[in-house]
Amino acid sequence: MHALRNALIPVITTIGLQMGLLMAGAILTETIFSWPGVGKWMIDSISRRDYQAVQGGLVLTALIVMLVNLVVDIAYGFVNPKIRHVR
Amino acid sequence: MTDGANAAPPAASSAPPRPGQLREFWHYFSENPGAVAGLLVFALLVIVALAAPLVAPHAPDAQFRDALLTPPLWQEGGDPRFLLGTDAIGRDMLSRLIHGARYSLFIGFVVVTIALVVGVALGLVAGFFGGWLDTVIMRVMDVILAFPSLLLALVLVAILGPGLFNAMLAITVVLQPHYVRLTRAAVIGERSRDYVTSARVAGAGRLRLMFVTILPNCMAPLIVQAALSFSNAILEAAALGFLGMGAQPPTPEWGTMLAESREFILRAWWVVTFPGLAILVTVLAINLMGDGLRDALDPKLKRS
């Protein structure tokens, strides 16, 4: 338990960083296997010159990445009470 | 940081490298067999790419209408003219792969050079002057980092229009923030060192302080990052090409080749497998080489 808590910190950081890579990888996977996801939707929108949809997809993905990283930052406090921000 | 700014006298920062430095670097580099193997493969790729018209058995866009989808030589039905077989309209795979190495290495080289120059300049300015300039530059870089890299490159290419040049431009923008952050961190670390203060007291101007005094001592992490993002650039260019946003079809770029032959994966495995293997081997070789560079250049990670 004590070891796990301390070992979790870099793991959580990596999860946050991997999120962006996953979202980018999803584009390729969805295009290859024709899955109707955000990535395929964006690719199709690009080829239709539907820039509003592209913009929406981009902002959505960026929001998800930012949210995950926010959760990661909050999770630090739960995992290790020492690094909670004290006012 | 390689020439040990803390051990050397202040003047060492602007002096030419020590004579034994290169040998010492090679000593640490050659300790790592993976790195040497990576270097060999990379050197081979560069030679093949430079000599592409001489090495390749056919022109990359020459079509042999009598030999569509010929299997590789060692398989049944193989043709001795085509070592790795032909694709759906009878173009020789080996020649296309060899010419594709040119595109991939060219992309990597151009992207890394532009990103390095612009990134180092921005990072130096941000780290050296600090204040609001630092804040503005770093926030812009944070915005770029918030987007998943491939996604941002994709959207940039979609706005600029598909093509090899625009793809390179987009990848440069995406890889930029890493250089800026690395340079800024290193510059801030070096700025308060004694040798910088003494150079300032001795009357060195701002530009001289930035480029001659501080920059050479920040190069080690930048060289490592350059080597590692070289492979990243190749990978992203291949991904963009695969999505139809990079090099356009007749170009023998590896990602584009993958995309146009995807439908043949069950009938003719060689059309899809070889471009993929080429990307894999190149990226692996460069990554191994970059790891070796990091071990050799970064004193903190040096293994005893």
# chains A, B, ... in the order shown; residues from 1 in each chain; ligands from 1
call {"tool": "residues_around", "arguments": {"residues": "Val72 (chain A)", "least_positions_apart": "2", "cutoff": "7 Å", "atoms": "only C-alpha atoms", "output": "ChimeraX atom specification"}}
result
/A:12-13,16,68-70,74-76
call {"tool": "write_last_selection", "arguments": {"atoms": "N, CA and C atoms", "output": "PDB file, in the first residue's frame"}}
result
ATOM      1  N   ILE A  12       0.395   7.770 -13.172  1.00  0.00           N
ATOM      2  CA  ILE A  12      -0.709   8.681 -13.474  1.00  0.00           C
ATOM      3  C   ILE A  12      -0.272   9.744 -14.474  1.00  0.00           C
ATOM      4  N   THR A  13       0.946  10.256 -14.284  1.00  0.00           N
ATOM      5  CA  THR A  13       1.459  11.253 -15.222  1.00  0.00           C
ATOM      6  C   THR A  13       1.472  10.694 -16.639  1.00  0.00           C
ATOM      7  N   GLY A  16      -1.912  10.537 -18.286  1.00  0.00           N
ATOM      8  CA  GLY A  16      -2.319  11.831 -18.810  1.00  0.00           C
ATOM      9  C   GLY A  16      -1.648  12.139 -20.138  1.00  0.00           C
ATOM     10  N   VAL A  68      -8.616  15.396 -19.016  1.00  0.00           N
ATOM     11  CA  VAL A  68      -7.891  14.255 -18.456  1.00  0.00           C
ATOM     12  C   VAL A  68      -6.692  14.732 -17.663  1.00  0.00           C
ATOM     13  N   ASN A  69      -6.000  15.752 -18.206  1.00  0.00           N
ATOM     14  CA  ASN A  69      -4.830  16.243 -17.481  1.00  0.00           C
ATOM     15  C   ASN A  69      -5.214  16.947 -16.189  1.00  0.00           C
ATOM     16  N   LEU A  70      -6.393  17.602 -16.200  1.00  0.00           N
ATOM     17  CA  LEU A  70      -6.881  18.209 -14.959  1.00  0.00           C
ATOM     18  C   LEU A  70      -7.152  17.130 -13.917  1.00  0.00           C
ATOM     19  N   ILE A  74      -5.563  16.542 -10.207  1.00  0.00           N
ATOM     20  CA  ILE A  74      -6.333  16.376  -8.964  1.00  0.00           C
ATOM     21  C   ILE A  74      -5.991  15.041  -8.313  1.00  0.00           C
ATOM     22  N   ALA A  75      -5.801  14.025  -9.162  1.00  0.00           N
ATOM     23  CA  ALA A  75      -5.518  12.689  -8.625  1.00  0.00           C
ATOM     24  C   ALA A  75      -4.219  12.648  -7.840  1.00  0.00           C
ATOM     25  N   TYR A  76      -3.254  13.523  -8.211  1.00  0.00           N
ATOM     26  CA  TYR A  76      -2.016  13.597  -7.441  1.00  0.00           C
ATOM     27  C   TYR A  76      -2.319  13.802  -5.967  1.00  0.00           C
TER      28      TYR A  76
END
call {"tool": "interface_residues", "arguments": {"of": "chain A", "to": "chain B", "cutoff": "9 Å", "atoms": "only C-alpha atoms", "output": "MDAnalysis selection string"}}
result
chainID A and resid 19:25 27:28 31:32 39 42:43 46:47 49 51 54:55 58:59 61:63 65:66
call {"tool": "select_by_dssp", "arguments": {"residues": "region 28-260 of chain B", "states": "helix (DSSP H, G or I)", "output": "ChimeraX atom specification"}}
result
/B:28-30,33-50,52-55,93-129,131-146,149-160,164-191,194-201,206-242,254-260
call {"tool": "closest_residue", "arguments": {"among": "B:Met210, B:Leu45, B:Leu293, B:Ala202", "to": "Glu31 (chain B)", "atoms": "only C-alpha atoms"}}
result
B:Leu293
call {"tool": "atom_distance", "arguments": {"atom1": "CA of Ala59 (chain B)", "atom2": "CA of Val111 (chain B)"}}
result
26.7 Å
call {"tool": "residues_around", "arguments": {"residues": "Ala204 (chain B)", "least_positions_apart": "5", "cutoff": "12 Å", "atoms": "only C-alpha atoms", "output": "list in words"}}
result
Ser14, Tyr195, Val196, Thr197, Ser198, Ala199, Leu209, Met210, Phe211, Val212, Thr213 and Ile214 of chain B
call {"tool": "atom_distance", "arguments": {"atom1": "CA of Ala247 (chain B)", "atom2": "CA of Ile279 (chain B)"}}
result
15.1 Å
call {"tool": "residues_around", "arguments": {"residues": "Leu122 (chain B)", "least_positions_apart": "2", "cutoff": "12 Å", "atoms": "only C-alpha atoms", "output": "number ranges by chain"}}
result
B: 115-120, 124-130, 133-138, 140-141, 176-185, 187, 210
call {"tool": "write_last_selection", "arguments": {"atoms": "N, CA, C and O atoms", "output": "compact mmCIF listing (two decimals), in the first residue's frame"}}
result
# COMPACT_ATOMS: atom_id res chain seq x y z
N ALA B 115 12.55 23.29 -37.13
CA ALA B 115 12.06 23.29 -35.76
C ALA B 115 13.19 23.64 -34.79
O ALA B 115 12.98 24.37 -33.82
N LEU B 116 14.38 23.13 -35.07
CA LEU B 116 15.52 23.39 -34.17
C LEU B 116 15.89 24.87 -34.19
O LEU B 116 16.02 25.51 -33.14
N VAL B 117 16.02 25.45 -35.39
CA VAL B 117 16.45 26.85 -35.48
C VAL B 117 15.42 27.77 -34.83
O VAL B 117 15.73 28.58 -33.95
N VAL B 118 14.15 27.62 -35.24
CA VAL B 118 13.11 28.49 -34.68
C VAL B 118 12.93 28.23 -33.19
O VAL B 118 12.83 29.17 -32.39
N GLY B 119 12.92 26.96 -32.81
CA GLY B 119 12.71 26.62 -31.41
C GLY B 119 13.82 27.14 -30.51
O GLY B 119 13.56 27.69 -29.44
N VAL B 120 15.08 27.02 -30.98
CA VAL B 120 16.20 27.50 -30.17
C VAL B 120 16.11 29.02 -30.04
O VAL B 120 16.31 29.58 -28.96
N LEU B 124 15.63 30.67 -26.46
CA LEU B 124 16.68 31.55 -25.95
C LEU B 124 16.08 32.88 -25.51
O LEU B 124 16.36 33.37 -24.41
N VAL B 125 15.23 33.45 -26.38
CA VAL B 125 14.63 34.74 -26.06
C VAL B 125 13.79 34.61 -24.80
O VAL B 125 13.90 35.42 -23.87
N ALA B 126 12.96 33.55 -24.74
CA ALA B 126 12.07 33.39 -23.60
C ALA B 126 12.86 33.19 -22.31
O ALA B 126 12.57 33.79 -21.28
N GLY B 127 13.89 32.33 -22.38
CA GLY B 127 14.63 32.04 -21.16
C GLY B 127 15.55 33.17 -20.74
O GLY B 127 15.75 33.43 -19.56
N PHE B 128 16.09 33.90 -21.73
CA PHE B 128 17.08 34.92 -21.41
C PHE B 128 16.43 36.20 -20.89
O PHE B 128 16.87 36.78 -19.90
N PHE B 129 15.34 36.63 -21.55
CA PHE B 129 14.75 37.90 -21.16
C PHE B 129 13.71 37.73 -20.06
O PHE B 129 13.55 38.61 -19.22
N GLY B 130 12.99 36.60 -20.06
CA GLY B 130 11.99 36.40 -19.02
C GLY B 130 10.86 37.42 -19.15
O GLY B 130 10.64 37.99 -20.22
N LEU B 133 7.58 38.63 -22.18
CA LEU B 133 7.94 37.96 -23.42
C LEU B 133 7.95 36.44 -23.20
O LEU B 133 7.41 35.67 -24.00
N ASP B 134 8.55 36.04 -22.08
CA ASP B 134 8.59 34.63 -21.69
C ASP B 134 7.17 34.08 -21.57
O ASP B 134 6.84 33.03 -22.14
N THR B 135 6.31 34.83 -20.86
CA THR B 135 4.94 34.37 -20.65
C THR B 135 4.22 34.18 -21.97
O THR B 135 3.59 33.14 -22.20
N VAL B 136 4.34 35.18 -22.87
CA VAL B 136 3.62 35.09 -24.14
C VAL B 136 4.09 33.87 -24.93
O VAL B 136 3.29 33.04 -25.37
N ILE B 137 5.42 33.74 -25.09
CA ILE B 137 5.95 32.63 -25.89
C ILE B 137 5.54 31.28 -25.30
O ILE B 137 5.06 30.39 -26.00
N MET B 138 5.70 31.15 -23.97
CA MET B 138 5.42 29.84 -23.38
C MET B 138 3.93 29.51 -23.41
O MET B 138 3.56 28.34 -23.56
N VAL B 140 1.80 30.39 -25.77
CA VAL B 140 1.50 29.96 -27.14
C VAL B 140 1.96 28.51 -27.32
O VAL B 140 1.25 27.67 -27.89
N MET B 141 3.14 28.18 -26.79
CA MET B 141 3.65 26.81 -26.92
C MET B 141 2.76 25.82 -26.15
O MET B 141 2.53 24.70 -26.59
N GLN B 176 7.58 21.95 -32.71
CA GLN B 176 8.22 23.16 -32.21
C GLN B 176 8.30 23.28 -30.68
O GLN B 176 9.38 23.51 -30.12
N PRO B 177 7.17 23.14 -29.97
CA PRO B 177 7.16 23.45 -28.53
C PRO B 177 8.20 22.69 -27.72
O PRO B 177 8.74 23.23 -26.76
N HIS B 178 8.51 21.45 -28.13
CA HIS B 178 9.47 20.67 -27.36
C HIS B 178 10.83 21.36 -27.34
O HIS B 178 11.49 21.44 -26.30
N TYR B 179 11.25 21.89 -28.51
CA TYR B 179 12.54 22.57 -28.57
C TYR B 179 12.52 23.84 -27.74
O TYR B 179 13.49 24.14 -27.04
N VAL B 180 11.42 24.58 -27.84
CA VAL B 180 11.35 25.84 -27.10
C VAL B 180 11.46 25.57 -25.60
O VAL B 180 12.21 26.22 -24.89
N ARG B 181 10.71 24.57 -25.14
CA ARG B 181 10.73 24.29 -23.70
C ARG B 181 12.10 23.81 -23.24
O ARG B 181 12.62 24.24 -22.20
N LEU B 182 12.69 22.90 -24.03
CA LEU B 182 14.03 22.39 -23.66
C LEU B 182 15.04 23.52 -23.59
O LEU B 182 15.79 23.63 -22.61
N THR B 183 15.05 24.37 -24.64
CA THR B 183 16.03 25.46 -24.67
C THR B 183 15.79 26.40 -23.50
O THR B 183 16.74 26.81 -22.82
N ARG B 184 14.53 26.74 -23.26
CA ARG B 184 14.23 27.69 -22.18
C ARG B 184 14.69 27.13 -20.84
O ARG B 184 15.35 27.83 -20.06
N ALA B 185 14.38 25.86 -20.58
CA ALA B 185 14.78 25.27 -19.30
C ALA B 185 16.30 25.30 -19.15
O ALA B 185 16.82 25.68 -18.10
N VAL B 187 18.46 27.26 -20.69
CA VAL B 187 18.96 28.64 -20.60
C VAL B 187 18.75 29.19 -19.21
O VAL B 187 19.64 29.83 -18.63
N MET B 210 23.88 35.47 -25.28
CA MET B 210 22.89 34.46 -25.64
C MET B 210 23.50 33.36 -26.50
O MET B 210 23.37 32.18 -26.20
call {"tool": "residues_around", "arguments": {"residues": "Ala268 (chain B)", "least_positions_apart": "5", "cutoff": "9 Å", "atoms": "only C-alpha atoms", "output": "list of chain:residue names"}}
result
B:Leu69, B:Thr70, B:Pro71, B:Asp87, B:Ala88
call {"tool": "write_last_selection", "arguments": {"atoms": "C-alpha atoms", "output": "compact mmCIF listing (two decimals), in the first residue's frame"}}
result
# COMPACT_ATOMS: atom_id res chain seq x y z
CA LEU B 69 0.99 -7.67 -58.45
CA THR B 70 3.98 -9.94 -59.01
CA PRO B 71 4.99 -11.64 -55.75
CA ASP B 87 2.19 -3.23 -56.91
CA ALA B 88 -1.28 -3.07 -58.42
call {"tool": "residues_around", "arguments": {"residues": "region 1-8 of chain A", "least_positions_apart": "3", "cutoff": "8 Å", "atoms": "only C-alpha atoms", "output": "mmCIF file with all heavy atoms, in the first residue's frame"}}
result
data_model
loop_
_atom_site.group_PDB
_atom_site.id
_atom_site.type_symbol
_atom_site.label_atom_id
_atom_site.label_comp_id
_atom_site.auth_asym_id
_atom_site.auth_seq_id
_atom_site.Cartn_x
_atom_site.Cartn_y
_atom_site.Cartn_z
ATOM 1 N N VAL A 11 2.996 6.807 -12.884
ATOM 2 C CA VAL A 11 2.036 6.076 -13.721
ATOM 3 C C VAL A 11 0.898 7.003 -14.131
ATOM 4 O O VAL A 11 0.502 7.052 -15.306
ATOM 5 C CB VAL A 11 1.483 4.857 -12.956
ATOM 6 C CG1 VAL A 11 0.434 4.161 -13.781
ATOM 7 C CG2 VAL A 11 2.597 3.908 -12.602
ATOM 8 N N ILE A 12 0.395 7.770 -13.172
ATOM 9 C CA ILE A 12 -0.709 8.681 -13.474
ATOM 10 C C ILE A 12 -0.272 9.744 -14.474
ATOM 11 O O ILE A 12 -0.993 10.068 -15.417
ATOM 12 C CB ILE A 12 -1.225 9.333 -12.182
ATOM 13 C CG1 ILE A 12 -1.815 8.271 -11.270
ATOM 14 C CG2 ILE A 12 -2.269 10.364 -12.494
ATOM 15 C CD1 ILE A 12 -2.295 8.831 -9.966
ATOM 16 N N VAL A 79 -3.595 10.645 -4.327
ATOM 17 C CA VAL A 79 -2.601 9.590 -4.197
ATOM 18 C C VAL A 79 -1.587 9.941 -3.127
ATOM 19 O O VAL A 79 -1.225 9.107 -2.299
ATOM 20 C CB VAL A 79 -1.898 9.360 -5.550
ATOM 21 C CG1 VAL A 79 -0.745 8.418 -5.397
ATOM 22 C CG2 VAL A 79 -2.890 8.826 -6.556
ATOM 23 N N ASN A 80 -1.159 11.190 -3.138
ATOM 24 C CA ASN A 80 -0.124 11.592 -2.194
ATOM 25 C C ASN A 80 -0.532 12.898 -1.520
ATOM 26 O O ASN A 80 -0.367 13.972 -2.088
ATOM 27 C CB ASN A 80 1.200 11.774 -2.952
ATOM 28 C CG ASN A 80 2.351 12.021 -2.004
ATOM 29 O OD1 ASN A 80 2.126 12.234 -0.809
ATOM 30 N ND2 ASN A 80 3.550 12.029 -2.524
#
call {"tool": "closest_residue", "arguments": {"among": "B:Asn287, B:Thr172, B:Ser192, B:Ser30", "to": "Thr113 (chain B)", "atoms": "only C-alpha atoms"}}
result
B:Thr172
call {"tool": "atom_distance", "arguments": {"atom1": "CA of Pro80 (chain B)", "atom2": "CA of Pro60 (chain B)"}}
result
17.2 Å
call {"tool": "residues_around", "arguments": {"residues": "region 33-41 of chain B", "least_positions_apart": "2", "cutoff": "8 Å", "atoms": "only C-alpha atoms", "output": "number ranges by chain"}}
result
B: 29-31, 43-45, 282, 284-293
call {"tool": "write_last_selection", "arguments": {"atoms": "C-alpha atoms", "output": "compact mmCIF listing (two decimals), in the first residue's frame"}}
result
# COMPACT_ATOMS: atom_id res chain seq x y z
CA PHE B 29 28.37 5.81 -27.74
CA SER B 30 30.01 2.56 -28.83
CA GLU B 31 29.35 0.97 -25.45
CA ALA B 43 24.03 5.48 -42.47
CA LEU B 44 23.04 2.75 -44.92
CA LEU B 45 19.64 4.41 -45.43
CA THR B 282 13.97 3.50 -40.15
CA LEU B 284 13.66 1.99 -34.89
CA ALA B 285 17.19 2.68 -36.11
CA ILE B 286 16.89 6.41 -35.46
CA ASN B 287 15.37 5.86 -32.02
CA LEU B 288 18.14 3.45 -31.02
CA MET B 289 20.70 5.94 -32.25
CA GLY B 290 18.99 8.72 -30.30
CA ASP B 291 19.04 6.64 -27.13
CA GLY B 292 22.75 6.06 -27.58
CA LEU B 293 23.27 9.78 -28.15
call {"tool": "decode", "arguments": {"residues": "region 17-31 of chain A", "atoms": "N, CA and C atoms", "output": "mmCIF file, in the first residue's frame"}}
result
data_model
loop_
_atom_site.group_PDB
_atom_site.id
_atom_site.type_symbol
_atom_site.label_atom_id
_atom_site.label_comp_id
_atom_site.auth_asym_id
_atom_site.auth_seq_id
_atom_site.Cartn_x
_atom_site.Cartn_y
_atom_site.Cartn_z
ATOM 1 N N LEU A 17 -0.347 11.834 -20.232
ATOM 2 C CA LEU A 17 0.373 12.144 -21.465
ATOM 3 C C LEU A 17 -0.057 11.234 -22.602
ATOM 4 N N GLN A 18 -0.371 9.967 -22.245
ATOM 5 C CA GLN A 18 -0.751 9.006 -23.278
ATOM 6 C C GLN A 18 -2.096 9.346 -23.916
ATOM 7 N N MET A 19 -2.923 10.073 -23.184
ATOM 8 C CA MET A 19 -4.268 10.381 -23.671
ATOM 9 C C MET A 19 -4.212 11.061 -25.041
ATOM 10 N N GLY A 20 -3.317 12.036 -25.167
ATOM 11 C CA GLY A 20 -3.203 12.734 -26.442
ATOM 12 C C GLY A 20 -2.807 11.795 -27.561
ATOM 13 N N LEU A 21 -1.828 10.917 -27.270
ATOM 14 C CA LEU A 21 -1.378 9.959 -28.276
ATOM 15 C C LEU A 21 -2.522 9.029 -28.669
ATOM 16 N N LEU A 22 -3.317 8.633 -27.665
ATOM 17 C CA LEU A 22 -4.429 7.721 -27.947
ATOM 18 C C LEU A 22 -5.432 8.382 -28.886
ATOM 19 N N MET A 23 -5.749 9.652 -28.599
ATOM 20 C CA MET A 23 -6.731 10.340 -29.444
ATOM 21 C C MET A 23 -6.215 10.434 -30.875
ATOM 22 N N ALA A 24 -4.896 10.685 -31.025
ATOM 23 C CA ALA A 24 -4.337 10.773 -32.372
ATOM 24 C C ALA A 24 -4.329 9.398 -33.028
ATOM 25 N N GLY A 25 -4.007 8.361 -32.238
ATOM 26 C CA GLY A 25 -3.992 7.013 -32.795
ATOM 27 C C GLY A 25 -5.377 6.566 -33.220
ATOM 28 N N ALA A 26 -6.401 7.074 -32.502
ATOM 29 C CA ALA A 26 -7.769 6.693 -32.829
ATOM 30 C C ALA A 26 -8.129 7.111 -34.249
ATOM 31 N N ILE A 27 -7.558 8.253 -34.706
ATOM 32 C CA ILE A 27 -7.857 8.699 -36.074
ATOM 33 C C ILE A 27 -7.437 7.622 -37.065
ATOM 34 N N LEU A 28 -6.202 7.130 -36.907
ATOM 35 C CA LEU A 28 -5.694 6.132 -37.849
ATOM 36 C C LEU A 28 -6.515 4.851 -37.765
ATOM 37 N N THR A 29 -6.758 4.394 -36.523
ATOM 38 C CA THR A 29 -7.503 3.148 -36.358
ATOM 39 C C THR A 29 -8.894 3.259 -36.971
ATOM 40 N N GLU A 30 -9.559 4.373 -36.699
ATOM 41 C CA GLU A 30 -10.923 4.531 -37.214
ATOM 42 C C GLU A 30 -10.927 4.602 -38.731
ATOM 43 N N THR A 31 -9.902 5.217 -39.312
ATOM 44 C CA THR A 31 -9.859 5.293 -40.774
ATOM 45 C C THR A 31 -9.626 3.916 -41.374
#
